$ cat protein-v8.txt   # compact mmCIF, C-alpha atoms and all ligand atoms
# COMPACT_ATOMS: atom_id res chain seq x y z
CA MET A 1 123.28 121.33 107.73
CA ALA A 2 123.26 117.60 107.36
CA VAL A 3 122.95 116.25 103.84
CA GLU A 4 119.59 114.67 103.18
CA ARG A 5 119.15 111.38 101.47
CA VAL A 6 115.68 110.73 100.10
CA LEU A 7 114.30 107.25 99.54
CA SER A 8 110.91 106.09 98.40
CA GLY A 9 109.37 102.99 96.89
CA MET A 10 106.22 101.87 95.12
CA ARG A 11 104.64 98.46 94.85
CA PRO A 12 104.31 97.19 91.29
CA THR A 13 100.70 96.06 91.51
CA GLY A 14 99.10 97.93 88.61
CA ASN A 15 99.22 100.75 86.09
CA LEU A 16 100.12 104.14 87.40
CA HIS A 17 97.32 106.66 87.07
CA LEU A 18 96.78 110.38 87.49
CA GLY A 19 96.39 109.89 91.23
CA HIS A 20 99.96 108.61 91.43
CA TYR A 21 101.16 111.37 89.16
CA HIS A 22 99.63 114.25 91.14
CA GLY A 23 100.03 112.63 94.54
CA VAL A 24 103.52 111.13 94.38
CA LEU A 25 105.44 111.45 91.15
CA LYS A 26 105.28 115.24 90.86
CA ASN A 27 106.77 115.37 94.32
CA TRP A 28 109.58 113.00 93.31
CA LEU A 29 110.31 115.12 90.26
CA LYS A 30 110.82 118.16 92.44
CA LEU A 31 112.90 116.36 95.05
CA GLN A 32 115.27 114.78 92.56
CA HIS A 33 116.67 118.21 91.75
CA GLU A 34 117.01 119.26 95.37
CA GLN A 35 118.43 116.21 97.12
CA GLU A 36 120.09 112.86 96.61
CA CYS A 37 117.19 110.59 95.70
CA LEU A 38 116.69 106.83 95.49
CA PHE A 39 113.46 105.44 94.04
CA PHE A 40 112.78 101.75 93.92
CA VAL A 41 110.28 99.14 92.84
CA ALA A 42 109.12 97.32 95.96
CA ASP A 43 108.52 93.95 94.34
CA TRP A 44 108.92 91.95 97.55
CA HIS A 45 106.35 94.18 99.21
CA ALA A 46 104.00 93.49 96.33
CA LEU A 47 104.43 89.77 96.98
CA THR A 48 103.22 90.13 100.56
CA THR A 49 99.71 90.71 99.23
CA HIS A 50 100.02 89.20 95.73
CA TYR A 51 101.90 86.00 96.52
CA ASP A 52 99.30 83.97 94.63
CA THR A 53 99.35 86.15 91.49
CA PRO A 54 103.02 86.42 90.58
CA HIS A 55 102.16 87.43 87.00
CA VAL A 56 100.83 90.74 88.34
CA ILE A 57 104.27 91.57 89.64
CA GLU A 58 106.10 90.34 86.59
CA GLU A 59 103.89 92.43 84.31
CA ASN A 60 104.13 95.58 86.32
CA VAL A 61 107.77 95.99 87.33
CA TRP A 62 109.09 97.24 84.01
CA GLU A 63 105.88 99.06 83.18
CA MET A 64 106.18 100.98 86.40
CA VAL A 65 109.76 101.96 85.70
CA ILE A 66 108.68 103.14 82.25
CA ASP A 67 105.89 105.20 83.84
CA TRP A 68 108.40 106.82 86.20
CA LEU A 69 110.81 107.66 83.41
CA ALA A 70 107.98 108.92 81.22
CA ALA A 71 106.71 111.13 84.02
CA GLY A 72 110.16 112.70 84.24
CA VAL A 73 112.11 110.80 86.87
CA ASP A 74 115.62 111.46 85.62
CA PRO A 75 118.15 108.65 85.95
CA ALA A 76 120.90 111.26 85.83
CA SER A 77 119.59 112.81 89.07
CA ALA A 78 117.92 109.90 90.85
CA THR A 79 118.92 106.30 91.42
CA ILE A 80 116.23 103.94 90.15
CA PHE A 81 116.37 100.31 91.21
CA ILE A 82 114.46 97.14 92.04
CA GLN A 83 114.29 95.91 95.62
CA SER A 84 114.86 92.22 94.86
CA ARG A 85 118.01 93.06 92.91
CA VAL A 86 119.59 94.34 96.10
CA PRO A 87 119.44 91.21 98.24
CA GLU A 88 121.06 93.07 101.14
CA HIS A 89 117.55 94.37 101.94
CA ALA A 90 116.59 90.79 102.79
CA GLU A 91 119.69 90.26 104.87
CA LEU A 92 119.03 93.38 106.90
CA HIS A 93 115.40 92.34 107.28
CA THR A 94 116.53 89.02 108.76
CA LEU A 95 119.01 90.63 111.11
CA LEU A 96 116.53 93.25 112.28
CA SER A 97 113.95 90.55 112.88
CA MET A 98 116.18 89.28 115.69
CA ILE A 99 115.52 92.42 117.73
CA THR A 100 111.94 93.17 116.66
CA PRO A 101 109.34 92.47 119.32
CA LEU A 102 106.33 90.70 117.85
CA GLY A 103 104.01 93.09 119.65
CA TRP A 104 105.47 96.04 117.76
CA LEU A 105 104.52 94.43 114.45
CA GLU A 106 101.07 93.39 115.63
CA ARG A 107 100.37 96.91 116.81
CA VAL A 108 101.16 98.65 113.49
CA PRO A 109 97.70 99.93 112.52
CA THR A 110 97.99 98.93 108.85
CA TYR A 111 98.34 95.27 109.86
CA LYS A 112 94.79 94.71 111.07
CA ASP A 113 93.30 97.38 108.78
CA GLN A 114 94.66 95.84 105.61
CA GLN A 115 93.81 92.32 106.71
CA GLU A 116 90.22 93.43 107.15
CA LYS A 117 90.14 95.47 103.97
CA LEU A 118 91.62 92.71 101.84
CA SER A 119 89.58 90.01 103.54
CA SER A 120 89.26 88.00 100.32
CA LYS A 121 92.97 87.15 100.67
CA ASP A 122 94.60 85.14 103.40
CA LEU A 123 97.00 87.65 104.88
CA SER A 124 97.74 85.75 108.07
CA THR A 125 101.25 85.15 106.76
CA TYR A 126 104.66 85.72 108.23
CA GLY A 127 105.57 87.95 105.27
CA PHE A 128 102.58 90.21 105.71
CA LEU A 129 103.17 90.64 109.43
CA GLY A 130 106.76 91.57 108.60
CA TYR A 131 105.78 94.13 105.94
CA PRO A 132 106.75 97.16 108.04
CA LEU A 133 110.05 95.57 109.04
CA LEU A 134 110.97 94.89 105.43
CA GLN A 135 110.14 98.54 104.77
CA SER A 136 112.40 99.52 107.67
CA ALA A 137 115.21 97.51 106.10
CA ASP A 138 114.61 99.32 102.77
CA ILE A 139 115.01 102.66 104.48
CA LEU A 140 117.71 101.95 107.04
CA ILE A 141 120.02 100.18 104.62
CA TYR A 142 120.53 103.50 102.78
CA ARG A 143 120.65 105.57 105.95
CA ALA A 144 117.90 107.61 104.32
CA THR A 145 116.94 110.75 106.22
CA GLN A 146 113.74 111.61 104.36
CA VAL A 147 111.04 109.29 103.15
CA PRO A 148 108.35 110.90 101.00
CA VAL A 149 105.14 108.98 101.64
CA GLY A 150 101.42 109.50 101.99
CA GLU A 151 99.62 109.80 105.30
CA ASP A 152 98.83 106.07 105.40
CA GLN A 153 102.53 105.19 105.57
CA VAL A 154 103.43 107.38 108.53
CA PRO A 155 103.08 104.54 111.06
CA HIS A 156 105.64 102.56 109.06
CA ILE A 157 108.15 105.38 109.26
CA GLU A 158 107.49 105.77 112.96
CA PHE A 159 108.06 102.03 113.33
CA THR A 160 111.32 102.34 111.39
CA ARG A 161 112.52 105.06 113.75
CA GLU A 162 111.83 102.82 116.71
CA ILE A 163 113.72 99.95 115.14
CA ALA A 164 116.71 102.20 114.40
CA ARG A 165 116.69 103.50 117.95
CA ARG A 166 116.50 100.00 119.38
CA PHE A 167 119.31 98.82 117.15
CA ASN A 168 121.58 101.71 118.07
CA HIS A 169 120.73 101.26 121.70
CA ILE A 170 121.63 97.57 121.70
CA TYR A 171 124.61 97.58 119.35
CA GLY A 172 125.87 101.15 119.24
CA ARG A 173 127.60 101.06 122.59
CA GLU A 174 130.93 99.69 123.60
CA PRO A 175 130.82 97.72 126.86
CA GLY A 176 130.77 100.07 129.83
CA TYR A 177 129.96 102.97 127.55
CA GLU A 178 128.07 105.00 130.10
CA GLU A 179 130.70 104.65 132.82
CA LYS A 180 133.42 105.64 130.40
CA ALA A 181 131.45 108.69 129.29
CA GLU A 182 130.87 109.72 132.91
CA ALA A 183 134.59 109.32 133.64
CA ALA A 184 135.38 111.50 130.62
CA ILE A 185 133.06 114.20 131.95
CA LYS A 186 135.08 114.27 135.18
CA LYS A 187 138.21 114.86 133.13
CA LEU A 188 136.65 118.05 131.79
CA GLY A 189 136.98 119.57 135.26
CA GLY A 190 134.30 120.63 137.72
CA LYS A 191 132.96 123.74 136.06
CA ARG A 192 133.13 122.46 132.51
CA GLY A 193 131.75 119.11 133.59
CA MET A 194 128.72 120.78 135.08
CA LEU A 195 128.24 122.89 131.99
CA TYR A 196 128.45 119.74 129.85
CA ASP A 197 125.79 118.04 131.96
CA GLU A 198 123.54 121.06 131.77
CA LEU A 199 123.87 121.45 128.00
CA ARG A 200 123.38 117.73 127.43
CA THR A 201 120.20 117.75 129.48
CA ARG A 202 118.89 120.79 127.63
CA TYR A 203 119.50 119.12 124.28
CA GLN A 204 118.10 115.76 125.24
CA GLU A 205 115.04 117.04 127.05
CA SER A 206 113.99 119.83 124.74
CA GLY A 207 116.00 119.33 121.56
CA ASP A 208 117.77 122.65 122.11
CA GLU A 209 120.14 122.74 119.12
CA GLU A 210 122.08 125.68 120.49
CA ALA A 211 122.90 123.78 123.64
CA LEU A 212 124.18 120.94 121.47
CA LEU A 213 126.35 123.30 119.43
CA SER A 214 127.88 124.99 122.49
CA ALA A 215 128.64 121.66 124.08
CA GLN A 216 130.25 120.40 120.88
CA ALA A 217 132.32 123.58 120.63
CA MET A 218 133.42 123.23 124.24
CA ILE A 219 134.64 119.68 123.65
CA GLU A 220 136.42 120.58 120.42
CA GLU A 221 138.26 123.40 122.18
CA HIS A 222 139.19 121.49 125.28
CA GLN A 223 142.85 120.49 125.20
CA GLY A 224 144.10 117.33 126.74
CA LEU A 225 141.21 114.97 125.96
CA SER A 226 142.15 111.67 124.41
CA LEU A 227 140.62 110.96 121.02
CA GLY A 228 138.48 108.20 122.55
CA ASP A 229 137.13 110.46 125.29
CA ARG A 230 136.37 113.19 122.80
CA GLU A 231 134.34 110.75 120.68
CA ARG A 232 132.59 109.42 123.76
CA LEU A 233 131.62 112.86 124.98
CA LEU A 234 130.35 113.86 121.54
CA GLY A 235 128.35 110.65 121.19
CA TYR A 236 127.00 110.84 124.74
CA LEU A 237 125.61 114.32 124.06
CA GLU A 238 123.23 112.99 121.47
CA GLY A 239 122.03 110.05 123.47
CA GLY A 240 123.40 106.62 122.83
CA GLY A 241 126.70 105.52 121.48
CA LYS A 242 127.58 105.18 117.84
CA MET A 243 124.76 105.86 115.44
CA ILE A 244 124.93 102.84 113.16
CA LEU A 245 121.46 103.23 111.72
CA VAL A 246 119.91 106.62 111.02
CA GLU A 247 116.39 107.54 112.11
CA PRO A 248 114.48 108.70 109.05
CA GLU A 249 111.71 111.26 108.86
CA ALA A 250 108.48 110.95 106.94
CA LYS A 251 108.21 113.67 104.37
CA LEU A 252 104.51 114.04 103.84
CA THR A 253 103.53 114.57 100.26
CA PRO A 254 101.82 117.97 100.10
CA ALA A 255 98.15 117.10 100.40
CA SER A 256 96.85 116.71 96.91
CA ARG A 257 93.72 114.69 96.73
CA MET A 258 93.37 113.82 93.10
CA PRO A 259 89.67 113.31 92.46
CA GLY A 260 88.68 110.30 90.40
CA LEU A 261 85.96 110.03 87.76
CA ASP A 262 83.26 109.65 90.41
CA GLY A 263 84.41 112.37 92.80
CA GLN A 264 85.98 109.97 95.29
CA LYS A 265 89.75 109.91 95.61
CA MET A 266 91.29 108.39 92.47
CA SER A 267 92.19 104.81 93.27
CA LYS A 268 92.35 101.49 91.51
CA SER A 269 90.05 99.97 94.09
CA TYR A 270 87.28 102.47 93.26
CA ASN A 271 87.62 101.80 89.55
CA ASN A 272 87.62 105.54 88.85
CA THR A 273 91.07 106.09 87.38
CA ILE A 274 92.68 107.48 84.26
CA SER A 275 95.97 105.72 83.77
CA LEU A 276 99.01 107.55 82.49
CA ARG A 277 99.09 105.54 79.30
CA GLU A 278 95.38 105.37 78.60
CA ASP A 279 94.67 106.23 74.99
CA PRO A 280 93.18 109.66 74.28
CA ASP A 281 89.87 108.37 72.93
CA THR A 282 89.24 106.32 76.03
CA ILE A 283 90.15 109.29 78.21
CA SER A 284 87.71 111.55 76.36
CA LYS A 285 85.01 108.95 76.63
CA LYS A 286 85.61 108.38 80.33
CA ILE A 287 85.34 112.07 81.10
CA ARG A 288 82.36 112.60 78.78
CA THR A 289 80.45 109.88 80.63
CA MET A 290 81.38 111.12 84.10
CA PRO A 291 78.45 111.67 86.46
CA THR A 292 77.53 115.31 87.08
CA ASP A 293 75.35 117.13 89.60
CA PRO A 294 72.36 114.76 89.84
CA ALA A 295 70.01 117.77 90.03
CA ARG A 296 70.89 118.66 86.44
CA VAL A 297 68.64 116.20 84.70
CA ARG A 298 67.86 118.35 81.68
CA ARG A 299 70.09 120.82 79.91
CA THR A 300 67.76 123.62 81.13
CA ASP A 301 68.04 122.63 84.82
CA PRO A 302 70.53 124.75 86.75
CA GLY A 303 73.30 122.85 88.53
CA GLU A 304 75.67 123.35 91.43
CA PRO A 305 79.39 122.86 90.69
CA THR A 306 80.21 122.05 94.31
CA LYS A 307 78.01 118.97 93.95
CA CYS A 308 79.66 117.85 90.74
CA PRO A 309 82.73 115.59 90.35
CA VAL A 310 83.60 117.34 87.09
CA TYR A 311 84.09 120.58 88.95
CA GLN A 312 86.66 118.90 91.19
CA LEU A 313 88.67 118.21 88.07
CA HIS A 314 88.31 121.87 87.06
CA GLU A 315 89.86 122.69 90.42
CA VAL A 316 92.92 120.65 89.46
CA TYR A 317 93.17 121.64 85.83
CA SER A 318 91.47 124.99 85.13
CA ASP A 319 92.42 128.60 85.70
CA ASP A 320 90.21 131.18 87.42
CA ASN A 321 88.60 132.30 84.19
CA THR A 322 87.49 128.84 83.21
CA ARG A 323 86.23 128.13 86.70
CA ASP A 324 84.18 131.34 86.67
CA TRP A 325 82.77 130.29 83.30
CA VAL A 326 81.79 126.92 84.79
CA GLN A 327 80.21 128.39 87.91
CA GLN A 328 78.09 130.92 86.07
CA GLY A 329 77.27 128.63 83.17
CA CYS A 330 76.26 125.76 85.44
CA ARG A 331 74.23 127.78 87.94
CA GLY A 332 72.52 129.70 85.13
CA ALA A 333 72.08 126.64 82.91
CA SER A 334 73.76 128.52 80.08
CA ILE A 335 76.28 125.77 79.33
CA GLY A 336 75.76 122.05 78.95
CA CYS A 337 77.68 119.43 80.83
CA ILE A 338 79.43 118.12 77.72
CA GLU A 339 80.58 121.66 76.99
CA CYS A 340 81.75 122.03 80.58
CA LYS A 341 83.78 118.85 80.41
CA GLN A 342 85.69 119.78 77.26
CA PRO A 343 88.33 122.00 78.93
CA VAL A 344 89.04 119.18 81.41
CA ILE A 345 89.43 116.67 78.60
CA ASP A 346 91.77 119.04 76.79
CA ALA A 347 93.86 119.70 79.88
CA VAL A 348 94.26 116.02 80.75
CA LEU A 349 95.28 115.22 77.18
CA VAL A 350 97.78 118.08 77.11
CA GLU A 351 99.24 116.90 80.40
CA LEU A 352 99.54 113.29 79.30
CA LYS A 353 100.77 113.86 75.73
CA PRO A 354 104.48 114.33 76.51
CA ILE A 355 104.32 111.57 79.13
CA GLN A 356 102.80 109.15 76.64
CA GLU A 357 105.32 110.08 73.97
CA ARG A 358 108.22 109.43 76.31
CA ALA A 359 106.62 106.21 77.51
CA ALA A 360 106.37 105.00 73.93
CA GLU A 361 110.06 105.73 73.41
CA TYR A 362 111.09 103.80 76.50
CA ALA A 363 108.69 100.96 75.77
CA ALA A 364 110.29 100.62 72.35
CA ASP A 365 113.74 100.33 73.90
CA PRO A 366 113.67 97.74 76.69
CA THR A 367 117.45 97.52 76.71
CA LEU A 368 117.70 101.18 77.62
CA VAL A 369 115.26 100.72 80.49
CA LYS A 370 117.07 97.63 81.72
CA ASN A 371 120.41 99.42 81.59
CA ILE A 372 119.06 102.34 83.60
CA VAL A 373 117.82 99.94 86.26
CA ALA A 374 121.02 97.85 86.21
CA ASP A 375 123.00 101.04 86.80
CA GLY A 376 120.73 102.06 89.63
CA CYS A 377 120.89 98.63 91.24
CA GLU A 378 124.66 98.74 91.19
CA LYS A 379 124.77 102.17 92.84
CA ALA A 380 122.20 101.15 95.43
CA ARG A 381 124.02 97.94 96.19
CA LYS A 382 127.23 99.75 96.89
CA MET A 383 125.54 101.89 99.54
CA ALA A 384 123.69 98.90 100.95
CA ARG A 385 126.91 96.91 101.28
CA GLU A 386 128.52 99.68 103.31
CA THR A 387 125.72 99.71 105.85
CA MET A 388 125.66 95.93 106.02
CA ARG A 389 129.35 95.84 106.87
CA ASP A 390 128.68 97.99 109.95
CA VAL A 391 125.53 96.08 110.88
CA ARG A 392 127.20 92.67 110.63
CA GLU A 393 130.12 93.81 112.67
CA ALA A 394 127.88 95.31 115.34
CA MET A 395 125.91 92.07 115.57
CA GLY A 396 128.90 89.85 115.99
CA LEU A 397 129.06 88.69 112.39
CA GLY A 398 132.21 90.56 111.42
CA TYR A 399 134.49 87.52 111.57
CA ASN A 400 136.09 86.13 108.44
N1 LIG A 501 104.78 100.50 101.73
C1 LIG A 501 104.94 101.48 100.69
C2 LIG A 501 103.58 101.73 100.03
O1 LIG A 501 102.74 100.86 100.02
C3 LIG A 501 105.95 101.04 99.65
C4 LIG A 501 107.32 100.95 100.22
C5 LIG A 501 108.04 99.82 100.46
C6 LIG A 501 108.12 102.04 100.66
N2 LIG A 501 109.24 100.14 101.00
C7 LIG A 501 109.33 101.48 101.15
C8 LIG A 501 107.93 103.43 100.67
C9 LIG A 501 110.35 102.28 101.66
C10 LIG A 501 108.94 104.23 101.20
C11 LIG A 501 110.14 103.65 101.68
O2 LIG A 501 103.39 102.80 99.50
FE1 LIG A 502 79.01 119.59 86.53
FE2 LIG A 502 79.79 121.29 84.66
FE3 LIG A 502 77.50 119.97 84.43
FE4 LIG A 502 77.70 121.88 86.22
S1 LIG A 502 77.84 122.12 84.01
S2 LIG A 502 76.81 119.85 86.54
S3 LIG A 502 79.83 121.65 86.86
S4 LIG A 502 79.54 119.10 84.44

$ encode --input "protein-v8.txt" --output "structure tokens" --more "lines below"
Ligand code: TRP
Ligand code: SF4
Amino acid sequence: MAVERVLSGMRPTGNLHLGHYHGVLKNWLKLQHEQECLFFVADWHALTTHYDTPHVIEENVWEMVIDWLAAGVDPASATIFIQSRVPEHAELHTLLSMITPLGWLERVPTYKDQQEKLSSKDLSTYGFLGYPLLQSADILIYRATQVPVGEDQVPHIEFTREIARRFNHIYGREPGYEEKAEAAIKKLGGKRGMLYDELRTRYQESGDEEALLSAQAMIEEHQGLSLGDRERLLGYLEGGGKMILVEPEAKLTPASRMPGLDGQKMSKSYNNTISLREDPDTISKKIRTMPTDPARVRRTDPGEPTKCPVYQLHEVYSDDNTRDWVQQGCRGASIGCIECKQPVIDAVLVELKPIQERAAEYAADPTLVKNIVADGCEKARKMARETMRDVREAMGLGYN
């Protein structure tokens, strides 16, 4: 099986909160032990929407790295870096822009959606229109195969695949590629040539992996093919010519909708978050003042957990026993809401304690954090340079 390379990024626009932890970071922590992983701070992407508040970015880059490390992202397993420290991303973005139809960018659903949602900002900029293409450059420059993202980012990954395909289509072929491949098929001989055609069609039309494998085996075994023809026939099986850029796949984060303090999804824009480094007293207070089932006005009024945001947190944090205790106690008015909230408070504090301790250690040692990132940037840059060499050459910029 092909080796996977995982890449994901986050925009440094604010504190990380429990929504990020349950929705994204826990997934990263798991992946870093299973596959080669690269995680980066997308500071240029943050500028597309925060170009007029540069201090937001400055304040949040290192804080975000500290949050990652504190949550358990392990620099020994994953490469952690900052986008703007690998300027090759910008070079690839420029080169890809040469082949990117404007209509493709205008049609990405997040373009109009976000412009409408963030209507207080002027997002009719070149940078904002190019957001998905910059993201494509981030991904393609590492030849990443898997991109863990939320549902909202799927169109960007789809867009990236289309860009990679277009690039390979335009630049991955030698002149006369198709004719040369067809001539090579003739050299296989009548029967084998027909079999090749049939297997190639089966693979290309229905993704039949077995057909691909048999065709590859047939070519490997066939004596008397020149090296060039062998390469051509292998490449032609899978579609175009040379694969210079790799089409990535979106790896959807397992649906985990972390409820916020008001029962809506936890999100900075709803002002319903608990941040990873919030102090314990504030956390307790925030949960103690959470709204509950509005029908429970007095302590003696029975309530309904399914109508209560606190119960949603029990679903994240409590075991069956505690949930039974809540259901019976709430419906029978035998427990009070403050009492009901205590196990949630305890669980959040227990979860955050080791994270906050580690965060304090990293925050006290900025040199360590900077060294981790410098290391990561260097590793990332090495990979990025390799891809850029191929891209430049393919685009006629390989002269020296
Ligand atoms: N657009 C992503 C987000 O808002 C952040 C991002 C930038 C990203 N570049 C990326 C994610 C590359 C994955 C891969 O969440
Ligand atoms: Fe919500 Fe618990 Fe109060 Fe019931 S007892 S309304 S579940 S906080």

$ residues_around --input "protein-v8.txt" --residues "A:His55" --least-positions-apart "5" --cutoff "12 Å" --atoms "only C-alpha atoms" --output "NGL selection string"
:A and (12-14 or 43 or 46-47 or 50 or 60-61)

$ closest_residue --input "protein-v8.txt" --among "A:Glu315, A:Glu182, A:Glu4, A:Asp138" --to "A:Val86" --atoms "only C-alpha atoms"
A:Asp138

$ closest_residue --input "protein-v8.txt" --among "A:Leu25, A:Leu227, A:Ala215, A:Ile338" --to "ligand LIG 502 (chain A)" --atoms "all atoms listed in the file"
A:Ile338

$ atom_distance --input "protein-v8.txt" --atom1 "atom C5 of ligand LIG 501 (chain A)" --atom2 "atom CA of A:Gln114"
14.9 Å

$ axis_aligned_box --input "protein-v8.txt" --around "ligand LIG 501 (chain A)" --padding-each-side "6 Å" --output "AutoDock Vina command-line options"
--center_x 106.5 --center_y 102.0 --center_z 100.6 --size_x 19.6 --size_y 16.4 --size_z 14.2

$ closest_atom_pairs --input "protein-v8.txt" --of "chain A" --to "ligand LIG 502 (chain A)" --cutoff "12 Å" --atoms "all atoms listed in the file" --output "JSON lines"
{"residue": "A:Leu261", "atom": "CA", "partner": "A:LIG502", "partner_atom": "S4", "distance": 11.6}
{"residue": "A:Asp262", "atom": "CA", "partner": "A:LIG502", "partner_atom": "FE1", "distance": 11.5}
{"residue": "A:Gly263", "atom": "CA", "partner": "A:LIG502", "partner_atom": "FE1", "distance": 11.0}
{"residue": "A:Ile287", "atom": "CA", "partner": "A:LIG502", "partner_atom": "S4", "distance": 9.7}
{"residue": "A:Arg288", "atom": "CA", "partner": "A:LIG502", "partner_atom": "S4", "distance": 9.1}
{"residue": "A:Thr289", "atom": "CA", "partner": "A:LIG502", "partner_atom": "S4", "distance": 10.0}
{"residue": "A:Met290", "atom": "CA", "partner": "A:LIG502", "partner_atom": "S4", "distance": 8.2}
{"residue": "A:Pro291", "atom": "CA", "partner": "A:LIG502", "partner_atom": "S4", "distance": 7.8}
{"residue": "A:Thr292", "atom": "CA", "partner": "A:LIG502", "partner_atom": "FE1", "distance": 4.6}
{"residue": "A:Asp293", "atom": "CA", "partner": "A:LIG502", "partner_atom": "S2", "distance": 4.3}
{"residue": "A:Pro294", "atom": "CA", "partner": "A:LIG502", "partner_atom": "S2", "distance": 7.5}
{"residue": "A:Ala295", "atom": "CA", "partner": "A:LIG502", "partner_atom": "S2", "distance": 7.9}
{"residue": "A:Arg296", "atom": "CA", "partner": "A:LIG502", "partner_atom": "S2", "distance": 6.0}
{"residue": "A:Val297", "atom": "CA", "partner": "A:LIG502", "partner_atom": "S2", "distance": 9.1}
{"residue": "A:Arg298", "atom": "CA", "partner": "A:LIG502", "partner_atom": "FE3", "distance": 10.2}
{"residue": "A:Arg299", "atom": "CA", "partner": "A:LIG502", "partner_atom": "FE3", "distance": 8.7}
{"residue": "A:Thr300", "atom": "CA", "partner": "A:LIG502", "partner_atom": "S1", "distance": 10.6}
{"residue": "A:Asp301", "atom": "CA", "partner": "A:LIG502", "partner_atom": "S2", "distance": 9.4}
{"residue": "A:Pro302", "atom": "CA", "partner": "A:LIG502", "partner_atom": "FE4", "distance": 7.7}
{"residue": "A:Gly303", "atom": "CA", "partner": "A:LIG502", "partner_atom": "S2", "distance": 5.0}
{"residue": "A:Glu304", "atom": "CA", "partner": "A:LIG502", "partner_atom": "FE4", "distance": 5.8}
{"residue": "A:Pro305", "atom": "CA", "partner": "A:LIG502", "partner_atom": "S3", "distance": 4.0}
{"residue": "A:Thr306", "atom": "CA", "partner": "A:LIG502", "partner_atom": "S3", "distance": 7.5}
{"residue": "A:Lys307", "atom": "CA", "partner": "A:LIG502", "partner_atom": "FE1", "distance": 7.5}
{"residue": "A:Cys308", "atom": "CA", "partner": "A:LIG502", "partner_atom": "FE1", "distance": 4.6}
{"residue": "A:Pro309", "atom": "CA", "partner": "A:LIG502", "partner_atom": "FE1", "distance": 6.7}
{"residue": "A:Val310", "atom": "CA", "partner": "A:LIG502", "partner_atom": "FE1", "distance": 5.1}
{"residue": "A:Tyr311", "atom": "CA", "partner": "A:LIG502", "partner_atom": "S3", "distance": 4.9}
{"residue": "A:Gln312", "atom": "CA", "partner": "A:LIG502", "partner_atom": "S3", "distance": 8.5}
{"residue": "A:Leu313", "atom": "CA", "partner": "A:LIG502", "partner_atom": "S3", "distance": 9.6}
{"residue": "A:His314", "atom": "CA", "partner": "A:LIG502", "partner_atom": "S3", "distance": 8.5}
{"residue": "A:Glu315", "atom": "CA", "partner": "A:LIG502", "partner_atom": "S3", "distance": 10.7}
{"residue": "A:Thr322", "atom": "CA", "partner": "A:LIG502", "partner_atom": "FE2", "distance": 10.9}
{"residue": "A:Arg323", "atom": "CA", "partner": "A:LIG502", "partner_atom": "S3", "distance": 9.1}
{"residue": "A:Asp324", "atom": "CA", "partner": "A:LIG502", "partner_atom": "S3", "distance": 10.6}
{"residue": "A:Trp325", "atom": "CA", "partner": "A:LIG502", "partner_atom": "S1", "distance": 9.6}
{"residue": "A:Val326", "atom": "CA", "partner": "A:LIG502", "partner_atom": "FE2", "distance": 6.0}
{"residue": "A:Gln327", "atom": "CA", "partner": "A:LIG502", "partner_atom": "S3", "distance": 6.8}
{"residue": "A:Gln328", "atom": "CA", "partner": "A:LIG502", "partner_atom": "S1", "distance": 9.0}
{"residue": "A:Gly329", "atom": "CA", "partner": "A:LIG502", "partner_atom": "S1", "distance": 6.6}
{"residue": "A:Cys330", "atom": "CA", "partner": "A:LIG502", "partner_atom": "FE4", "distance": 4.2}
{"residue": "A:Arg331", "atom": "CA", "partner": "A:LIG502", "partner_atom": "FE4", "distance": 7.1}
{"residue": "A:Gly332", "atom": "CA", "partner": "A:LIG502", "partner_atom": "S1", "distance": 9.3}
{"residue": "A:Ala333", "atom": "CA", "partner": "A:LIG502", "partner_atom": "S1", "distance": 7.4}
{"residue": "A:Ser334", "atom": "CA", "partner": "A:LIG502", "partner_atom": "S1", "distance": 8.5}
{"residue": "A:Ile335", "atom": "CA", "partner": "A:LIG502", "partner_atom": "S1", "distance": 6.1}
{"residue": "A:Gly336", "atom": "CA", "partner": "A:LIG502", "partner_atom": "S1", "distance": 5.5}
{"residue": "A:Cys337", "atom": "CA", "partner": "A:LIG502", "partner_atom": "FE3", "distance": 3.6}
{"residue": "A:Ile338", "atom": "CA", "partner": "A:LIG502", "partner_atom": "S4", "distance": 6.8}
{"residue": "A:Glu339", "atom": "CA", "partner": "A:LIG502", "partner_atom": "S1", "distance": 7.5}
{"residue": "A:Cys340", "atom": "CA", "partner": "A:LIG502", "partner_atom": "FE2", "distance": 4.6}
{"residue": "A:Lys341", "atom": "CA", "partner": "A:LIG502", "partner_atom": "S4", "distance": 5.9}
{"residue": "A:Gln342", "atom": "CA", "partner": "A:LIG502", "partner_atom": "S4", "distance": 9.5}
{"residue": "A:Pro343", "atom": "CA", "partner": "A:LIG502", "partner_atom": "FE2", "distance": 10.3}
{"residue": "A:Val344", "atom": "CA", "partner": "A:LIG502", "partner_atom": "S4", "distance": 10.0}
{"residue": "A:Ile345", "atom": "CA", "partner": "A:LIG502", "partner_atom": "S4", "distance": 11.7}

$ closest_atom_pairs --input "protein-v8.txt" --of "chain A" --to "ligand LIG 501 (chain A)" --cutoff "7 Å" --atoms "only C-alpha atoms and all ligand atoms" --output "Markdown table"
| residue | atom | partner | partner_atom | distance |
| --- | --- | --- | --- | --- |
| A:Leu7 | CA | A:LIG501 | C11 | 5.9 |
| A:Ser8 | CA | A:LIG501 | C10 | 3.9 |
| A:Gly9 | CA | A:LIG501 | C8 | 4.1 |
| A:Met10 | CA | A:LIG501 | C3 | 4.6 |
| A:Arg11 | CA | A:LIG501 | C3 | 5.6 |
| A:Ala42 | CA | A:LIG501 | C5 | 5.3 |
| A:His45 | CA | A:LIG501 | C5 | 6.0 |
| A:Gln135 | CA | A:LIG501 | N2 | 4.2 |
| A:Ser136 | CA | A:LIG501 | C9 | 6.9 |
| A:Asp138 | CA | A:LIG501 | C9 | 5.3 |
| A:Ile139 | CA | A:LIG501 | C9 | 5.5 |
| A:Val147 | CA | A:LIG501 | C10 | 5.8 |
| A:Pro148 | CA | A:LIG501 | C10 | 6.7 |
| A:Val149 | CA | A:LIG501 | C10 | 6.1 |
| A:Gln153 | CA | A:LIG501 | N1 | 6.5 |
